[in-house]
$ cat work_8.txt   # compact mmCIF, C-alpha atoms
# COMPACT_ATOMS: atom_id res chain seq x y z
CA MET R 1 -37.42 30.94 -111.40
CA GLY R 2 -36.12 27.96 -113.35
CA ALA R 3 -36.83 24.29 -113.22
CA LEU R 4 -34.67 21.26 -112.65
CA LYS R 5 -34.21 19.75 -116.13
CA VAL R 6 -32.80 16.38 -115.02
CA PRO R 7 -35.17 14.67 -112.58
CA VAL R 8 -33.75 12.83 -109.60
CA GLY R 9 -33.09 9.22 -110.54
CA ASP R 10 -31.16 6.08 -109.75
CA ALA R 11 -27.76 7.67 -110.50
CA ASP R 12 -28.26 10.30 -107.80
CA HIS R 13 -27.05 10.21 -104.24
CA VAL R 14 -30.13 10.74 -102.08
CA ALA R 15 -30.07 11.21 -98.33
CA VAL R 16 -33.19 10.79 -96.25
CA ARG R 17 -32.50 11.06 -92.54
CA GLY R 18 -35.23 9.09 -90.83
CA GLU R 19 -38.70 8.23 -92.10
CA ALA R 20 -41.73 10.41 -92.72
CA ALA R 21 -44.85 9.39 -90.87
CA PRO R 22 -47.57 7.77 -93.00
CA GLY R 23 -49.40 10.45 -94.96
CA GLU R 24 -46.76 13.14 -94.40
CA SER R 25 -45.52 14.95 -97.48
CA VAL R 26 -41.84 14.91 -98.43
CA CYS R 27 -39.83 17.73 -99.99
CA GLU R 28 -36.89 17.23 -102.33
CA LEU R 29 -33.87 19.52 -102.01
CA VAL R 30 -31.29 19.23 -104.81
CA GLU R 31 -27.96 21.00 -104.48
CA TYR R 32 -25.51 21.55 -107.30
CA GLY R 33 -22.28 22.02 -105.40
CA ASP R 34 -18.52 22.27 -105.58
CA TYR R 35 -16.51 20.72 -102.74
CA GLN R 36 -13.89 23.48 -102.93
CA CYS R 37 -16.40 26.35 -102.97
CA PRO R 38 -16.38 28.34 -99.72
CA HIS R 39 -20.09 29.18 -100.18
CA CYS R 40 -20.90 25.47 -100.46
CA ALA R 41 -18.89 24.87 -97.29
CA MET R 42 -21.04 27.51 -95.55
CA ALA R 43 -24.23 25.88 -96.91
CA PHE R 44 -23.13 22.42 -95.72
CA PRO R 45 -24.08 22.90 -92.03
CA VAL R 46 -27.30 24.64 -93.11
CA VAL R 47 -28.35 21.53 -95.07
CA LYS R 48 -27.38 19.27 -92.16
CA ARG R 49 -29.52 21.38 -89.84
CA LEU R 50 -32.45 21.23 -92.29
CA GLU R 51 -32.10 17.44 -92.48
CA ARG R 52 -32.25 17.20 -88.68
CA HIS R 53 -35.23 19.58 -88.53
CA PHE R 54 -37.33 17.83 -91.17
CA LYS R 55 -36.12 14.29 -90.41
CA GLY R 56 -37.66 11.95 -92.99
CA ARG R 57 -39.66 14.71 -94.67
CA LEU R 58 -36.65 16.02 -96.61
CA ARG R 59 -34.89 14.15 -99.42
CA PHE R 60 -31.51 15.74 -100.03
CA VAL R 61 -29.69 15.17 -103.31
CA PHE R 62 -26.15 16.37 -103.99
CA ARG R 63 -24.94 16.80 -107.56
CA ASN R 64 -21.43 17.74 -108.64
CA PHE R 65 -20.83 21.13 -110.22
CA PRO R 66 -17.06 21.67 -109.97
CA LEU R 67 -16.04 25.18 -110.94
CA THR R 68 -12.65 24.11 -112.25
CA LYS R 69 -11.57 27.53 -113.54
CA ILE R 70 -11.49 28.91 -110.00
CA HIS R 71 -11.19 25.74 -107.88
CA ALA R 72 -8.30 23.58 -109.05
CA ASN R 73 -9.16 20.62 -106.80
CA ALA R 74 -12.94 20.63 -107.22
CA GLN R 75 -13.03 18.05 -110.01
CA VAL R 76 -10.74 15.62 -108.19
CA ALA R 77 -12.76 16.07 -104.98
CA ALA R 78 -15.96 15.23 -106.86
CA GLU R 79 -14.30 12.16 -108.37
CA ALA R 80 -13.16 11.04 -104.90
CA ALA R 81 -16.73 11.39 -103.61
CA GLU R 82 -18.07 9.40 -106.54
CA TRP R 83 -15.44 6.71 -106.02
CA ALA R 84 -16.40 6.51 -102.33
CA GLY R 85 -20.03 6.26 -103.47
CA SER R 86 -19.14 3.23 -105.57
CA CYS R 87 -17.91 1.68 -102.31
CA GLY R 88 -21.09 2.62 -100.42
CA LYS R 89 -19.59 5.63 -98.62
CA PHE R 90 -20.64 8.65 -100.68
CA TRP R 91 -22.14 10.63 -97.81
CA GLU R 92 -19.22 9.92 -95.51
CA MET R 93 -16.78 11.26 -98.13
CA HIS R 94 -19.10 14.16 -98.99
CA ASP R 95 -19.17 15.21 -95.34
CA ALA R 96 -15.41 14.70 -94.84
CA LEU R 97 -14.59 16.81 -97.91
CA PHE R 98 -16.57 19.75 -96.53
CA HIS R 99 -15.39 19.29 -92.93
CA LYS R 100 -11.74 19.27 -94.04
CA GLN R 101 -11.93 21.66 -97.00
CA LYS R 102 -9.31 24.03 -95.54
CA GLU R 103 -6.82 21.14 -95.29
CA TRP R 104 -6.92 20.17 -98.98
CA GLU R 105 -8.22 23.13 -100.99
CA ASN R 106 -4.76 24.47 -101.92
CA LEU R 107 -2.81 21.21 -102.22
CA GLU R 108 -0.99 20.55 -105.46
CA THR R 109 -1.75 16.82 -105.43
CA ALA R 110 -5.04 16.69 -103.57
CA TYR R 111 -5.88 13.18 -104.75
CA GLU R 112 -3.24 11.88 -102.33
CA TYR R 113 -5.07 13.64 -99.52
CA PHE R 114 -8.37 12.16 -100.71
CA ALA R 115 -6.81 8.69 -100.65
CA LYS R 116 -5.89 9.37 -97.01
CA LEU R 117 -9.51 10.39 -96.35
CA ALA R 118 -10.64 7.15 -97.97
CA GLU R 119 -8.47 5.24 -95.52
CA GLU R 120 -10.04 7.16 -92.61
CA LEU R 121 -13.41 5.96 -93.91
CA GLY R 122 -12.25 2.35 -93.90
CA LEU R 123 -11.67 2.21 -97.65
CA LYS R 124 -8.55 1.25 -99.59
CA PRO R 125 -6.51 4.41 -100.24
CA GLU R 126 -4.61 2.93 -103.18
CA ALA R 127 -7.90 2.04 -104.91
CA CYS R 128 -9.08 5.63 -104.50
CA ALA R 129 -5.85 7.05 -105.94
CA GLU R 130 -5.90 4.58 -108.83
CA ALA R 131 -9.53 5.39 -109.72
CA ILE R 132 -8.82 9.12 -109.73
CA GLU R 133 -5.58 8.77 -111.72
CA ALA R 134 -7.40 6.58 -114.27
CA GLY R 135 -10.24 9.12 -114.60
CA GLN R 136 -12.75 6.43 -113.69
CA PHE R 137 -15.40 8.92 -112.48
CA VAL R 138 -14.76 11.87 -114.81
CA GLU R 139 -17.84 11.12 -116.93
CA ARG R 140 -20.08 10.69 -113.87
CA VAL R 141 -19.06 14.14 -112.58
CA ARG R 142 -19.44 15.59 -116.08
CA ALA R 143 -22.98 14.22 -116.36
CA ASP R 144 -23.95 16.03 -113.14
CA PHE R 145 -22.29 19.21 -114.37
CA LEU R 146 -24.05 19.14 -117.74
CA GLY R 147 -27.38 18.48 -116.03
CA GLY R 148 -26.74 21.59 -113.95
CA VAL R 149 -25.95 23.64 -117.04
CA ARG R 150 -29.21 22.44 -118.64
CA SER R 151 -31.03 23.58 -115.49
CA GLY R 152 -29.45 27.04 -115.62
CA VAL R 153 -26.89 26.55 -112.87
CA ASN R 154 -24.02 29.00 -113.18
CA GLY R 155 -22.65 29.12 -109.64
CA THR R 156 -22.52 27.15 -106.44
CA PRO R 157 -24.34 26.30 -104.37
CA THR R 158 -27.54 26.27 -106.40
CA PHE R 159 -30.59 24.69 -104.79
CA PHE R 160 -33.79 23.34 -106.29
CA ILE R 161 -36.76 22.77 -104.00
CA ASN R 162 -39.23 20.26 -105.44
CA GLY R 163 -37.81 20.92 -108.89
CA GLU R 164 -37.92 24.72 -108.76
CA ARG R 165 -34.80 26.83 -108.45
CA HIS R 166 -34.40 28.61 -105.12
CA ASN R 167 -33.17 32.11 -105.91
CA GLY R 168 -33.16 33.47 -102.39
CA PRO R 169 -30.42 33.47 -99.81
CA ASN R 170 -29.05 30.06 -98.87
CA ASP R 171 -29.26 30.64 -95.15
CA TYR R 172 -31.18 28.39 -92.79
CA ASP R 173 -34.20 30.66 -92.25
CA HIS R 174 -34.90 31.25 -95.96
CA LEU R 175 -34.50 27.60 -96.94
CA LEU R 176 -36.57 26.52 -93.92
CA GLU R 177 -39.38 28.88 -94.94
CA LYS R 178 -39.39 27.66 -98.56
CA ILE R 179 -39.32 23.98 -97.60
CA GLU R 180 -42.10 24.44 -95.05
CA ALA R 181 -44.20 26.20 -97.70
CA GLU R 182 -43.63 23.28 -100.09
CA LEU R 183 -44.59 20.74 -97.44
CA GLN R 184 -47.81 22.62 -96.72
CA ALA R 185 -48.74 23.05 -100.40

$ encode --input "work_8.txt" --output "structure tokens"
Amino acid sequence: MGALKVPVGDADHVAVRGEAAPGESVCELVEYGDYQCPHCAMAFPVVKRLERHFKGRLRFVFRNFPLTKIHANAQVAAEAAEWAGSCGKFWEMHDALFHKQKEWENLETAYEYFAKLAEELGLKPEACAEAIEAGQFVERVRADFLGGVRSGVNGTPTFFINGERHNGPNDYDHLLEKIEAELQA
């Protein structure tokens, strides 16, 4: 199947919606994704639904894997998310990028759009634009990407459930079944 080569750590963005009851097991779902990828956009509501279903029993981790040869704005989108994360709003930007993907995916200067998104999130748009123009988060995105390569990721979205690559369909029922099996193991 394939294992996650870079364990989840302090540099990761981890979402846990709610708290697990004492003694309940928790499952870790890691996604290597591309904000411009239409398949990742389809997986986005699936992950949200899984988070609601499992509440605090699911730890979701998103890692950047921009496929820049086919998605011209993927790298800049990932940098915008990382910048928002440095301001404490990673998940808000993550969600906004997927919700509004159709609005920015084909823009020539998408970073201007991302600055506007930053403003909608209560952040300073000029600071977002400056950070992207300066390449402030290029290395952070690259580190995620290289970790994905080491783990055998070659497309998006790629999921790992408790460190093992999920090679099945990325629909709700299949992911639900795999996560439930992990929680019962």

$ closest_residue --input "work_8.txt" --among "R:Trp104, R:Phe137, R:Phe54, R:Phe60" --to "Glu82 (chain R)" --atoms "all atoms listed in the file"
R:Phe137

$ atom_distance --input "work_8.txt" --atom1 "CA of Gly147 (chain R)" --atom2 "CA of Glu92 (chain R)"
23.7 Å

$ residues_around --input "work_8.txt" --residues "Leu117 (chain R)" --least-positions-apart "6" --cutoff "10 Å" --atoms "only C-alpha atoms" --output "PyMOL selection string"
chain R and resi 80+84+92-93+96-97+100+111+123-125+128

$ residues_around --input "work_8.txt" --residues "Phe98 (chain R)" --least-positions-apart "6" --cutoff "8 Å" --atoms "only C-alpha atoms" --output "PyMOL selection string"
chain R and resi 35-36+41+44

$ residues_near_point --input "work_8.txt" --point "(-26.5, 18.7, -107.9)" --cutoff "8 Å" --atoms "only C-alpha atoms" --output "ChimeraX atom specification"
/R:30-33,61-65,144-145,148,158-159

$ closest_residue --input "work_8.txt" --among "R:Arg140, R:His94, R:Lys102, R:His13" --to "Lys48 (chain R)" --atoms "all atoms listed in the file"
R:His94

$ atom_distance --input "work_8.txt" --atom1 "CA of Lys5 (chain R)" --atom2 "CA of Asn154 (chain R)"
14.1 Å

$ closest_residue --input "work_8.txt" --among "R:Ala129, R:Met42, R:Leu121, R:Val47" --to "His99 (chain R)" --atoms "all atoms listed in the file"
R:Met42

$ closest_residue --input "work_8.txt" --among "R:Glu182, R:Leu4, R:Ala110, R:Trp83" --to "Leu146 (chain R)" --atoms "all atoms listed in the file"
R:Leu4

$ residues_around --input "work_8.txt" --residues "Gln184 (chain R)" --least-positions-apart "5" --cutoff "12 Å" --atoms "all atoms listed in the file" --output "number ranges by chain"
R: 24-27, 57, 177-179

$ atom_distance --input "work_8.txt" --atom1 "CA of Val149 (chain R)" --atom2 "CA of Lys89 (chain R)"
26.5 Å

$ residues_around --input "work_8.txt" --residues "Tyr172 (chain R)" --least-positions-apart "3" --cutoff "8 Å" --atoms "only C-alpha atoms" --output "PyMOL selection string"
chain R and resi 46-47+49-50+175-176

$ write_last_selection --input "work_8.txt" --atoms "C-alpha atoms" --output "mmCIF file, in the frame of the given file"
data_model
loop_
_atom_site.group_PDB
_atom_site.id
_atom_site.type_symbol
_atom_site.label_atom_id
_atom_site.label_comp_id
_atom_site.auth_asym_id
_atom_site.auth_seq_id
_atom_site.Cartn_x
_atom_site.Cartn_y
_atom_site.Cartn_z
ATOM 1 C CA VAL R 46 -27.300 24.640 -93.110
ATOM 2 C CA VAL R 47 -28.350 21.530 -95.070
ATOM 3 C CA ARG R 49 -29.520 21.380 -89.840
ATOM 4 C CA LEU R 50 -32.450 21.230 -92.290
ATOM 5 C CA LEU R 175 -34.500 27.600 -96.940
ATOM 6 C CA LEU R 176 -36.570 26.520 -93.920
#

$ closest_residue --input "work_8.txt" --among "R:Lys69, R:His39, R:Arg142, R:Arg52" --to "Gly18 (chain R)" --atoms "only C-alpha atoms"
R:Arg52

$ closest_residue --input "work_8.txt" --among "R:Glu105, R:Glu130, R:Glu119, R:Glu180" --to "Gln75 (chain R)" --atoms "only C-alpha atoms"
R:Glu105
